[in-house]
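Asker: Quick one, structure_13.txt (compact mmCIF, C-alpha atoms):
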```
# COMPACT_ATOMS: atom_id res chain seq x y z
CA MET B 1 -0.17 -87.09 62.14
CA LYS B 2 0.49 -88.24 65.69
CA LYS B 3 -3.08 -89.45 66.09
CA LEU B 4 -2.90 -91.28 62.76
CA ALA B 5 0.27 -93.04 63.90
CA TYR B 6 -1.41 -94.14 67.13
CA ILE B 7 -4.45 -95.54 65.26
CA THR B 8 -2.21 -97.41 62.83
CA THR B 9 -0.24 -98.89 65.72
CA LEU B 10 -3.47 -99.86 67.47
CA SER B 11 -4.74 -101.73 64.41
CA LEU B 12 -1.46 -103.65 64.09
CA MET B 13 -1.49 -104.62 67.77
CA MET B 14 -5.05 -105.86 67.58
CA PHE B 15 -4.22 -107.96 64.54
CA SER B 16 -0.99 -109.36 65.98
CA CYS B 17 -2.74 -110.46 69.18
CA GLY B 18 -5.08 -112.72 67.25
CA GLU B 19 -8.17 -110.60 67.91
CA LYS B 20 -10.82 -110.35 65.28
CA LYS B 21 -9.90 -107.43 63.09
CA LEU B 22 -12.53 -104.71 63.02
CA ASN B 23 -13.31 -103.89 59.40
CA ILE B 24 -14.35 -100.23 59.42
CA ASP B 25 -15.47 -100.24 55.79
CA GLU B 26 -17.86 -103.14 56.39
CA VAL B 27 -19.33 -101.48 59.47
CA VAL B 28 -19.90 -98.20 57.60
CA GLU B 29 -21.51 -100.02 54.65
CA THR B 30 -24.16 -101.57 56.95
CA ASN B 31 -25.66 -98.09 57.43
CA ASP B 32 -26.55 -99.30 60.95
CA ILE B 33 -26.02 -96.33 63.25
CA LYS B 34 -25.92 -98.56 66.31
CA LYS B 35 -23.13 -100.76 64.94
CA ILE B 36 -21.16 -97.71 63.76
CA ARG B 37 -21.33 -96.12 67.22
CA GLU B 38 -20.30 -99.38 68.89
CA ALA B 39 -17.31 -99.63 66.52
CA ARG B 40 -16.28 -96.09 67.37
CA GLU B 41 -16.49 -96.74 71.12
CA GLN B 42 -14.36 -99.84 70.69
CA LEU B 43 -11.70 -97.94 68.75
CA GLN B 44 -11.78 -95.02 71.20
CA THR B 45 -11.25 -97.38 74.17
CA GLU B 46 -8.25 -99.00 72.53
CA TYR B 47 -6.90 -95.60 71.46
CA ASP B 48 -7.13 -94.17 74.99
CA LYS B 49 -5.35 -97.23 76.42
CA LEU B 50 -2.59 -97.00 73.80
CA THR B 51 -2.17 -93.25 74.39
CA ALA B 52 -1.75 -93.81 78.12
CA ASP B 53 0.83 -96.56 77.52
CA LEU B 54 2.80 -94.35 75.12
CA ALA B 55 2.80 -91.52 77.67
CA LYS B 56 4.31 -93.88 80.28
CA ILE B 57 6.99 -94.93 77.80
CA ASP B 58 7.79 -91.29 76.92
CA THR B 59 8.11 -90.44 80.63
CA ALA B 60 10.48 -93.34 81.18
CA ILE B 61 12.60 -92.29 78.17
CA ASP B 62 12.79 -88.68 79.39
CA SER B 63 13.87 -89.74 82.87
CA LEU B 64 16.61 -92.02 81.54
CA ASP B 65 17.92 -89.79 78.67
CA PRO B 66 21.05 -87.88 79.80
CA ASN B 67 20.47 -85.27 77.07
CA ARG B 68 16.84 -84.59 77.96
CA SER B 69 17.43 -80.94 79.04
CA ARG B 70 19.88 -79.99 76.31
CA VAL B 71 18.81 -77.51 73.67
CA LEU B 72 20.09 -78.17 70.17
CA VAL B 73 21.86 -75.10 68.75
CA ARG B 74 24.03 -73.96 65.87
CA THR B 75 26.78 -71.40 66.28
CA ILE B 76 29.09 -69.04 64.41
CA THR B 77 32.55 -67.86 65.41
CA VAL B 78 33.04 -64.08 65.55
CA LYS B 79 35.82 -62.71 63.35
CA ASP B 80 36.99 -59.41 61.87
CA THR B 81 35.04 -58.46 58.75
CA SER B 82 35.02 -55.54 56.32
CA PHE B 83 31.88 -53.49 56.77
CA VAL B 84 30.49 -50.57 54.78
CA HIS B 85 27.37 -48.62 55.67
CA TYR B 86 25.41 -46.53 53.18
CA ILE B 87 22.81 -43.81 53.35
CA GLU B 88 20.16 -44.43 50.70
CA ILE B 89 18.19 -41.42 49.42
CA GLN B 90 16.48 -40.27 46.24
CA GLY B 91 17.73 -37.39 44.11
CA ASN B 92 17.37 -35.73 40.72
CA VAL B 93 19.87 -35.50 37.88
CA ASP B 94 20.67 -31.95 36.83
CA THR B 95 23.23 -29.79 35.05
CA LYS B 96 24.45 -26.27 35.70
CA GLN B 97 24.27 -25.60 31.96
CA ASN B 98 20.61 -26.00 31.07
CA ILE B 99 19.08 -22.67 30.11
CA LEU B 100 16.43 -21.01 27.95
CA ILE B 101 17.64 -18.30 25.57
CA TYR B 102 15.51 -15.15 25.14
CA PRO B 103 15.86 -12.22 22.70
CA GLU B 104 17.06 -8.92 24.14
CA ILE B 105 15.34 -6.73 21.56
CA SER B 106 12.11 -6.81 19.59
CA GLY B 107 12.09 -7.43 15.85
CA ILE B 108 11.65 -9.89 13.02
CA LEU B 109 13.75 -13.06 13.24
CA GLN B 110 15.75 -12.76 10.03
CA GLN B 111 18.04 -15.78 10.47
CA LEU B 112 17.60 -19.09 12.28
CA ASN B 113 20.88 -20.97 12.04
CA VAL B 114 20.31 -24.08 14.20
CA LYS B 115 17.84 -26.90 14.73
CA ALA B 116 16.98 -29.19 17.63
CA GLY B 117 19.68 -31.74 18.41
CA GLN B 118 22.47 -29.67 16.83
CA LYS B 119 25.73 -29.30 18.76
CA VAL B 120 26.99 -25.73 19.07
CA THR B 121 30.08 -24.06 20.49
CA LYS B 122 30.33 -21.09 22.81
CA GLY B 123 29.86 -17.82 20.89
CA GLN B 124 28.33 -19.46 17.81
CA VAL B 125 25.61 -17.34 16.15
CA LEU B 126 22.25 -19.06 16.61
CA ALA B 127 19.97 -16.40 15.13
CA ARG B 128 19.79 -12.77 13.94
CA ILE B 129 16.99 -10.29 14.61
CA ASP B 130 16.21 -7.30 12.40
CA ASP B 131 17.91 -4.35 14.12
CA GLY B 132 15.32 -1.79 13.11
CA GLY B 133 17.83 0.61 11.55
CA ILE B 134 20.36 0.50 14.38
CA SER B 135 23.14 -0.53 11.98
CA ALA B 136 22.52 2.60 9.86
CA GLN B 137 22.58 4.78 12.95
CA LEU B 138 25.80 3.13 14.02
CA ALA B 139 27.43 3.82 10.63
CA GLN B 140 26.46 7.48 10.88
CA ALA B 141 27.69 7.71 14.47
CA GLN B 142 30.95 6.02 13.49
CA ALA B 143 31.50 8.61 10.74
CA GLN B 144 30.87 11.37 13.25
CA LEU B 145 33.31 9.69 15.63
CA ASN B 146 35.99 9.62 12.94
CA LEU B 147 35.50 13.34 12.38
CA SER B 148 35.64 14.03 16.11
CA GLN B 149 38.83 11.99 16.34
CA THR B 150 40.46 13.98 13.50
CA THR B 151 39.40 17.30 15.05
CA PHE B 152 40.76 16.28 18.43
CA ASP B 153 44.08 15.06 16.99
CA ARG B 154 44.65 18.40 15.21
CA GLN B 155 43.59 20.43 18.20
CA LYS B 156 45.91 18.40 20.43
CA ARG B 157 48.91 19.01 18.15
CA LEU B 158 48.23 22.75 18.23
CA TRP B 159 47.81 22.68 21.97
CA ASP B 160 51.08 20.79 22.37
CA GLN B 161 52.75 23.63 20.39
CA LYS B 162 51.10 26.19 22.65
CA ILE B 163 48.92 27.34 19.74
CA GLY B 164 45.27 28.00 20.27
CA SER B 165 43.22 28.20 23.48
CA GLU B 166 42.76 25.54 26.13
CA ILE B 167 38.99 25.75 25.77
CA GLN B 168 39.20 24.68 22.11
CA TYR B 169 41.29 21.68 23.13
CA LEU B 170 38.85 20.66 25.87
CA GLN B 171 35.84 21.08 23.58
CA ALA B 172 37.43 18.78 20.98
CA LYS B 173 38.24 16.20 23.67
CA THR B 174 34.71 16.31 25.13
CA SER B 175 33.16 15.97 21.68
CA LEU B 176 35.31 12.91 20.96
CA GLU B 177 34.46 11.22 24.26
CA SER B 178 30.76 11.95 23.84
CA GLN B 179 30.69 10.57 20.32
CA GLN B 180 32.56 7.45 21.45
CA LYS B 181 29.83 6.78 24.00
CA VAL B 182 27.17 7.14 21.30
CA VAL B 183 28.98 4.60 19.13
CA ASP B 184 29.44 2.19 22.05
CA GLN B 185 25.76 2.43 22.93
CA LEU B 186 24.61 1.79 19.38
CA GLN B 187 27.09 -1.09 19.05
CA SER B 188 25.73 -2.63 22.23
CA GLN B 189 22.16 -2.39 20.89
CA LEU B 190 23.24 -3.88 17.57
CA ASN B 191 24.97 -6.78 19.36
CA LYS B 192 21.65 -7.66 20.97
CA SER B 193 20.25 -8.41 17.52
CA VAL B 194 22.67 -11.34 17.27
CA VAL B 195 21.77 -14.37 19.44
CA LYS B 196 24.86 -16.39 20.40
CA ALA B 197 25.42 -19.62 22.30
CA PRO B 198 26.43 -18.81 25.90
CA PHE B 199 28.33 -22.11 26.23
CA THR B 200 29.20 -25.24 24.28
CA GLY B 201 26.31 -27.71 24.26
CA THR B 202 23.35 -29.07 22.33
CA ILE B 203 20.24 -27.25 21.13
CA ASP B 204 17.57 -29.27 22.92
CA GLU B 205 14.56 -27.36 21.58
CA VAL B 206 13.75 -24.56 19.13
CA MET B 207 10.62 -22.59 20.11
CA THR B 208 10.35 -20.15 17.19
CA GLU B 209 10.52 -19.88 13.40
CA ARG B 210 12.29 -17.64 10.92
CA GLY B 211 10.23 -14.57 9.98
CA LYS B 212 8.35 -14.35 13.26
CA VAL B 213 8.31 -11.22 15.37
CA VAL B 214 10.11 -11.85 18.64
CA ALA B 215 10.40 -9.80 21.81
CA PRO B 216 12.15 -9.93 25.20
CA GLY B 217 10.61 -12.63 27.41
CA GLN B 218 9.77 -14.87 24.46
CA GLU B 219 11.60 -18.21 24.46
CA LEU B 220 13.81 -18.92 21.46
CA PHE B 221 15.94 -21.97 22.33
CA ARG B 222 16.82 -24.36 25.10
CA ILE B 223 20.52 -25.24 25.20
CA VAL B 224 21.89 -28.04 27.38
CA ASN B 225 25.39 -29.25 28.14
CA LEU B 226 25.36 -32.89 29.28
CA GLY B 227 29.07 -32.93 30.05
CA ASP B 228 28.79 -31.42 33.54
CA MET B 229 26.08 -33.50 35.20
CA TYR B 230 25.35 -33.85 38.90
CA VAL B 231 22.69 -35.21 41.25
CA SER B 232 21.00 -32.98 43.80
CA ALA B 233 19.30 -34.44 46.85
CA THR B 234 18.06 -33.49 50.31
CA VAL B 235 19.35 -35.40 53.33
CA PRO B 236 17.88 -35.53 56.88
CA GLU B 237 19.88 -33.38 59.29
CA THR B 238 20.67 -36.45 61.44
CA TYR B 239 23.29 -37.38 58.82
CA LEU B 240 25.01 -33.97 58.86
CA SER B 241 28.05 -35.15 60.84
CA GLN B 242 28.44 -38.30 58.71
CA LEU B 243 28.43 -36.80 55.21
CA LYS B 244 31.80 -35.53 54.06
CA LEU B 245 33.01 -33.85 50.90
CA GLY B 246 34.47 -36.43 48.53
CA ALA B 247 32.47 -39.34 50.00
CA PRO B 248 31.99 -42.12 47.37
CA VAL B 249 28.46 -42.47 46.00
CA GLU B 250 26.75 -45.10 43.87
CA VAL B 251 24.06 -43.53 41.69
CA HIS B 252 21.49 -45.90 40.21
CA LEU B 253 19.01 -44.81 37.55
CA ASN B 254 16.12 -47.26 37.26
CA ALA B 255 14.89 -45.73 34.00
CA ILE B 256 18.02 -46.78 32.09
CA GLY B 257 19.19 -49.60 34.38
CA LYS B 258 22.61 -48.02 34.90
CA THR B 259 24.74 -47.43 37.99
CA TYR B 260 27.39 -44.70 38.05
CA LYS B 261 30.05 -43.88 40.61
CA GLY B 262 30.39 -40.29 41.78
CA LYS B 263 31.53 -38.21 44.75
CA VAL B 264 29.90 -35.67 47.05
CA ARG B 265 31.12 -32.30 45.77
CA GLN B 266 28.96 -30.00 47.88
CA VAL B 267 27.28 -30.21 51.29
CA GLY B 268 24.74 -27.53 52.11
CA ASN B 269 25.24 -25.16 55.05
CA TYR B 270 21.53 -24.45 55.55
CA ILE B 271 18.95 -26.64 57.32
CA ASN B 272 15.47 -26.30 55.85
CA PRO B 273 13.21 -25.61 58.86
CA ASN B 274 10.17 -27.10 57.12
CA ASN B 275 11.52 -30.63 56.71
CA ARG B 276 14.83 -30.54 58.68
CA THR B 277 16.98 -31.45 55.67
CA PHE B 278 20.04 -30.03 53.93
CA GLY B 279 21.08 -30.23 50.29
CA ILE B 280 23.98 -32.06 48.68
CA GLU B 281 25.39 -32.32 45.16
CA VAL B 282 27.09 -35.39 43.72
CA ALA B 283 29.38 -34.97 40.72
CA LEU B 284 28.40 -37.49 38.08
CA PRO B 285 30.29 -38.58 34.95
CA ASN B 286 28.26 -39.08 31.78
CA PRO B 287 30.46 -41.26 29.55
CA ASP B 288 27.53 -42.89 27.72
CA ASN B 289 25.67 -39.58 27.26
CA LEU B 290 22.55 -41.24 28.71
CA LEU B 291 21.98 -38.86 31.62
CA ARG B 292 19.30 -36.20 31.26
CA PRO B 293 18.18 -33.37 33.56
CA ASN B 294 15.35 -34.32 35.96
CA GLN B 295 15.97 -38.08 35.82
CA VAL B 296 15.23 -39.76 39.16
CA ALA B 297 18.26 -41.36 40.82
CA VAL B 298 18.77 -43.53 43.91
CA LEU B 299 21.91 -42.61 45.83
CA LYS B 300 23.93 -44.96 48.06
CA ILE B 301 26.32 -42.69 49.93
CA GLU B 302 29.13 -44.35 51.85
CA ASP B 303 29.15 -42.78 55.31
CA TYR B 304 31.02 -45.42 57.35
CA LYS B 305 33.66 -48.05 56.59
CA THR B 306 35.88 -50.35 58.67
CA ASP B 307 37.97 -53.47 58.05
CA THR B 308 37.70 -54.80 61.62
CA ALA B 309 33.96 -54.96 62.29
CA LEU B 310 32.41 -57.72 64.41
CA LEU B 311 29.17 -58.64 62.64
CA LEU B 312 26.22 -60.78 63.76
CA PRO B 313 22.93 -61.63 62.00
CA GLU B 314 20.24 -59.18 63.01
CA THR B 315 17.79 -62.04 63.70
CA ILE B 316 19.73 -63.53 66.63
CA ILE B 317 19.83 -60.34 68.70
CA GLN B 318 17.19 -60.35 71.44
CA GLN B 319 15.78 -57.40 73.34
CA LYS B 320 15.27 -57.81 77.06
CA ALA B 321 13.52 -55.63 79.64
CA GLY B 322 14.66 -52.04 79.61
CA GLY B 323 15.75 -52.27 75.99
CA ARG B 324 18.87 -54.31 76.79
CA LEU B 325 20.19 -56.21 73.75
CA VAL B 326 21.68 -59.67 74.26
CA VAL B 327 23.17 -62.62 72.41
CA TYR B 328 24.36 -65.97 73.76
CA SER B 329 27.90 -67.30 73.65
CA LEU B 330 29.10 -70.71 74.90
CA ASP B 331 31.06 -71.74 77.97
CA LYS B 332 32.98 -74.90 77.02
CA SER B 333 35.04 -75.22 80.21
CA ASN B 334 33.11 -78.41 80.95
CA LYS B 335 32.98 -80.38 77.71
CA GLU B 336 30.33 -82.68 79.14
CA GLU B 337 27.93 -79.81 79.75
CA ILE B 338 28.25 -76.80 77.46
CA LYS B 339 26.50 -73.81 78.97
CA ALA B 340 24.91 -70.74 77.36
CA VAL B 341 26.27 -67.38 78.56
CA GLU B 342 24.15 -64.25 78.10
CA LYS B 343 26.11 -61.30 76.65
CA THR B 344 24.80 -57.74 76.77
CA ILE B 345 25.90 -55.96 73.61
CA GLU B 346 26.04 -52.47 72.13
CA THR B 347 25.25 -52.26 68.44
CA GLY B 348 26.35 -49.93 65.66
CA TYR B 349 25.18 -49.73 62.06
CA THR B 350 22.98 -52.29 60.33
CA SER B 351 23.39 -53.31 56.69
CA LYS B 352 22.02 -56.19 54.60
CA GLY B 353 20.72 -58.11 57.62
CA TYR B 354 23.93 -57.83 59.68
CA VAL B 355 24.61 -55.65 62.70
CA GLU B 356 27.96 -54.23 63.76
CA ILE B 357 28.66 -55.10 67.42
CA LYS B 358 30.51 -52.29 69.22
CA SER B 359 30.93 -54.00 72.61
CA GLY B 360 29.93 -57.11 74.58
CA ILE B 361 31.65 -59.75 72.46
CA LYS B 362 35.14 -60.23 71.08
CA LYS B 363 36.88 -61.87 68.18
CA GLY B 364 36.83 -65.70 68.54
CA ASP B 365 33.63 -65.88 70.62
CA GLU B 366 31.23 -68.66 69.59
CA ILE B 367 27.75 -67.18 69.31
CA VAL B 368 24.49 -69.14 69.17
CA THR B 369 22.45 -68.64 65.99
CA ASP B 370 19.82 -71.40 65.56
CA GLY B 371 18.10 -72.12 68.87
CA ALA B 372 19.02 -68.76 70.46
CA LYS B 373 15.38 -67.99 71.28
CA SER B 374 15.00 -71.28 73.20
CA ILE B 375 17.81 -70.74 75.73
CA LYS B 376 18.64 -68.50 78.64
CA GLU B 377 21.62 -67.84 80.92
CA GLY B 378 23.04 -71.17 82.08
CA SER B 379 21.05 -73.39 79.68
CA THR B 380 22.78 -76.65 78.74
CA VAL B 381 23.13 -76.92 75.01
CA GLU B 382 24.28 -79.39 72.41
CA ILE B 383 25.90 -78.08 69.23
CA ILE B 384 24.54 -79.46 65.99
CA LYS B 385 27.50 -80.30 63.77
```
Please express what this file holds, its structure, as structure tokens.
Answerer:
Amino acid sequence: MKKLAYITTLSLMMFSCGEKKLNIDEVVETNDIKKIREAREQLQTEYDKLTADLAKIDTAIDSLDPNRSRVLVRTITVKDTSFVHYIEIQGNVDTKQNILIYPEISGILQQLNVKAGQKVTKGQVLARIDDGGISAQLAQAQAQLNLSQTTFDRQKRLWDQKIGSEIQYLQAKTSLESQQKVVDQLQSQLNKSVVKAPFTGTIDEVMTERGKVVAPGQELFRIVNLGDMYVSATVPETYLSQLKLGAPVEVHLNAIGKTYKGKVRQVGNYINPNNRTFGIEVALPNPDNLLRPNQVAVLKIEDYKTDTALLLPETIIQQKAGGRLVVYSLDKSNKEEIKAVEKTIETGYTSKGYVEIKSGIKKGDEIVTDGAKSIKEGSTVEIIK
């Protein structure tokens, strides 16, 4: 662009001085290589002369301009600002109440009382398995228990009246206790033929059908309660001292485009030696019933907050030899010559392009932003309004 401006100026000067104007197009159209080269030499000579004259003028302007050594800068004034720092990690949504239900005895599934998606309450009967005659055995044992109870009651009355022998009383008592154990055992086995909901929730999946033979270890149902959701995550051990119980957390789920607010409810006490991390749990409300176990979540955990932070843009901080960090403030004691003052700073947390300054500057300082990389200690600057 600069060269184009010089050539344009040269053409105007040649025309204004009454010289014959060199028509470049006409010269090119002659297809005469000799004339074209002569035209180029003529233009180059004039261009070199004009360039030299412009350089002399620029030198004269620089020597006479009082602002020739001033660097143009923009500034900001340091003030107290609220500042919050977050730890961002990935976690998984989970629930404590998400289990598979298995039968405790073998047999034919006689009743199947629920289907997938059905809500159930704690203790509700989900299915019944053929007991294989246990109910009949229980009825017989119960009848025997009733007889043992009657025998014991009569023997006890006689014993209380000092009638009969002690051994008869003890035999009746032992028989009763033994028969009670038989009944209890059979009742326990019969109870296993009834499959009940261990907690209130939703039947997420049914893995069997009525009439099938089932056995222990075979999955029957999956039941889930979405009311007590949480997010589990692993955090690098460097954050151990910063994470506190009850710390606010923003939980974002990309899959559903929702953000929820929760709190840290558990901080692990064990550091995994393989990856140097510890576990946390974040309690998570589920008002829209959109959360599901194993969803991927992004956690923003608040680990530091202050209302009196001194913040500067990260881009204006310069690193000097030895790792020293500096910014430049202004010395306005002489209004005619404003000077740059180098300030060595100590930084804290960084968030969203801003850095917390722990020391080196104070509230009210005017810090150079634009032009900071072009100055040094003692540079004369001019502030762009």
Asker: Between B:Gln180, B:Ser165, B:Ser351, B:Thr259, which one has atoms that come closest to Ala143 of chain B, using all atoms listed in the file?
Answerer: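 Using all atoms listed in the file, the shortest distance to Ala143 of chain B belongs to B:Gln180.
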Asker: So which residues are close to (29.4, -68.4, 68.0), meaning at most 12 Å away in the file's coordinates with all atoms listed in the file counted, and can you show them as a PyMOL selection string?
Answerer: chain B and resi 73-79+310-313+316+327-332+340-341+343+361-372+383
Asker: Could you tell me which of B:Leu190, B:Val381, B:Ala309, B:Ile36 comes closest to Thr350 of chain B if we count all atoms listed in the file?
Answerer: B:Ala309
Asker: What does the structure give for the distance between atom CA of Lys196 of chain B and atom CA of Leu100 of chain B, in Å to one decimal?
Answerer: 12.2 Å
Asker: Would you mind reading off the distance between atom CA of Val71 of chain B and atom CA of Thr59 of chain B, one decimal, in Å?
Answerer: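 Answer for the atom CA of Val71 of chain B to atom CA of Thr59 of chain B separation: 18.2 Å.
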Asker: Using all atoms listed in the file, which of B:Gln111, B:Asn272, B:Asn92, B:Thr200 sits nearest Lys212 of chain B?
Answerer: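 Of the candidates, the smallest distance to Lys212 of chain B is held by B:Gln111.
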Asker: Using all atoms listed in the file, which residue out of B:Val28, B:Leu158, B:Val114, B:Val84 lies closest to Lys352 of chain B?
Answerer: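 Among the listed residues, the smallest separation from Lys352 of chain B belongs to B:Val84.
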Asker: Hey, which of B:Thr347, B:Gln242, B:Gln110, B:Gln171 ends up closest to Tyr86 of chain B? Count all atoms listed in the file.
Answerer: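 Smallest distance to Tyr86 of chain B is found for B:Gln242.
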Asker: Check which residues of segment 117-186 of chain B sit at most 10 Å from segment 221-227 of chain B using all atoms listed in the file, and return one row each with the closest pair of atoms and their distance in Å to one decimal, ordered by chain and rising number, as a tab-separated table.
Answerer:
```
residue	atom	partner	partner_atom	distance
B:Gly117	CA	B:Ile223	CA	9.4
B:Gln118	CA	B:Ile223	CA	9.7
B:Lys119	CA	B:Ile223	CA	9.2
B:Val120	CA	B:Ile223	CA	8.9
B:Leu126	CA	B:Phe221	CA	9.0
B:Ala127	CA	B:Phe221	CA	10.0
```
Asker: Check the smallest atom-to-atom distance from each of B:Ile134, B:Gly217, B:Phe199, B:Gln149 to Gln187 of chain B using only C-alpha atoms, then report the winner.
Answerer: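 Selected residue with least distance to Gln187 of chain B: B:Ile134.
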Asker: Between atom CA of Ile301 of chain B and atom CA of Ile87 of chain B, what is the distance, to one decimal in Å?
Answerer: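 Between atom CA of Ile301 of chain B and atom CA of Ile87 of chain B the gap is 5.0 Å.
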Asker: From (14.5, -42.4, 45.6), in the file's coordinates, out to 12 Å: which residues are reached, counting all atoms listed in the file? Answer as a list in words.
Answerer: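 Output: Ile87, Glu88, Ile89, Gln90, Gly91, Asn92, Val93, Val231, Ser232, Ala233, Thr234, Val235, Val251, His252, Leu253, Asn254, Gln295, Val296, Ala297, Val298, Leu299 and Lys300 of chain B.
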Asker: Using only C-alpha atoms, which protein or nucleic acid residues come within 9 Å of Lys305 of chain B? Drop anything in the same chain fewer than 6 positions from it, and give the result as a PyMOL selection string.
Answerer: chain B and resi 82-85
Asker: Leaving out Val213 of chain B and any residue of its chain fewer than 6 positions from it, which residues lie within 12 Å of it when counting only C-alpha atoms, given as a list in words?
Answerer: Pro103, Ile105, Ser106, Gly107, Ile108, Leu109, Gln110, Gln111, Arg128, Ile129, Asp130, Asp131, Gly132, Glu219 and Leu220 of chain B
Asker: Residues of the last selection are to be written out with C-alpha atoms, as a compact mmCIF listing (two decimals), keeping the file's coordinate frame.
Answerer:
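Listing of out06.txt after writing:
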```txt
# COMPACT_ATOMS: atom_id res chain seq x y z
CA PRO B 103 15.86 -12.22 22.70
CA ILE B 105 15.34 -6.73 21.56
CA SER B 106 12.11 -6.81 19.59
CA GLY B 107 12.09 -7.43 15.85
CA ILE B 108 11.65 -9.89 13.02
CA LEU B 109 13.75 -13.06 13.24
CA GLN B 110 15.75 -12.76 10.03
CA GLN B 111 18.04 -15.78 10.47
CA ARG B 128 19.79 -12.77 13.94
CA ILE B 129 16.99 -10.29 14.61
CA ASP B 130 16.21 -7.30 12.40
CA ASP B 131 17.91 -4.35 14.12
CA GLY B 132 15.32 -1.79 13.11
CA GLU B 219 11.60 -18.21 24.46
CA LEU B 220 13.81 -18.92 21.46
```
Asker: Would you pick out the contacts of Ile317 of chain B at 6 Å or less, using only C-alpha atoms, so that residues sharing its chain but fewer than 2 positions from it are not included, and give the list as a compact mmCIF listing (two decimals) with C-alpha atoms, in the coordinates of the input?
Answerer:
```txt
# COMPACT_ATOMS: atom_id res chain seq x y z
CA GLU B 314 20.24 -59.18 63.01
CA THR B 315 17.79 -62.04 63.70
CA VAL B 326 21.68 -59.67 74.26
CA VAL B 327 23.17 -62.62 72.41
```
Asker: Would you pick out the contacts of Arg70 of chain B at 12 Å or less, using only C-alpha atoms, so that residues sharing its chain but fewer than 3 positions from it are not included, and give the list as a list of chain:residue names?
Answerer: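 Contacts, in chain order: B:Asp62, B:Asp65, B:Pro66, B:Asn67, B:Val73, B:Glu336, B:Glu337, B:Ile338, B:Lys339, B:Ala340, B:Gly371, B:Ser374, B:Ile375, B:Lys376, B:Gly378, B:Ser379, B:Thr380, B:Val381, B:Glu382, B:Ile383, B:Ile384.
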Asker: Might I get the box with edges along x, y and z of the file that holds all atoms of segment 314-331 of chain B listed there, padded by 3 Å on every side, given as centre and edge lengths in Å to one decimal, as lines of an AutoDock Vina configuration file?
Answerer:
```
center_x = 22.3
center_y = -61.9
center_z = 71.3
size_x = 23.5
size_y = 25.7
size_z = 22.6
```
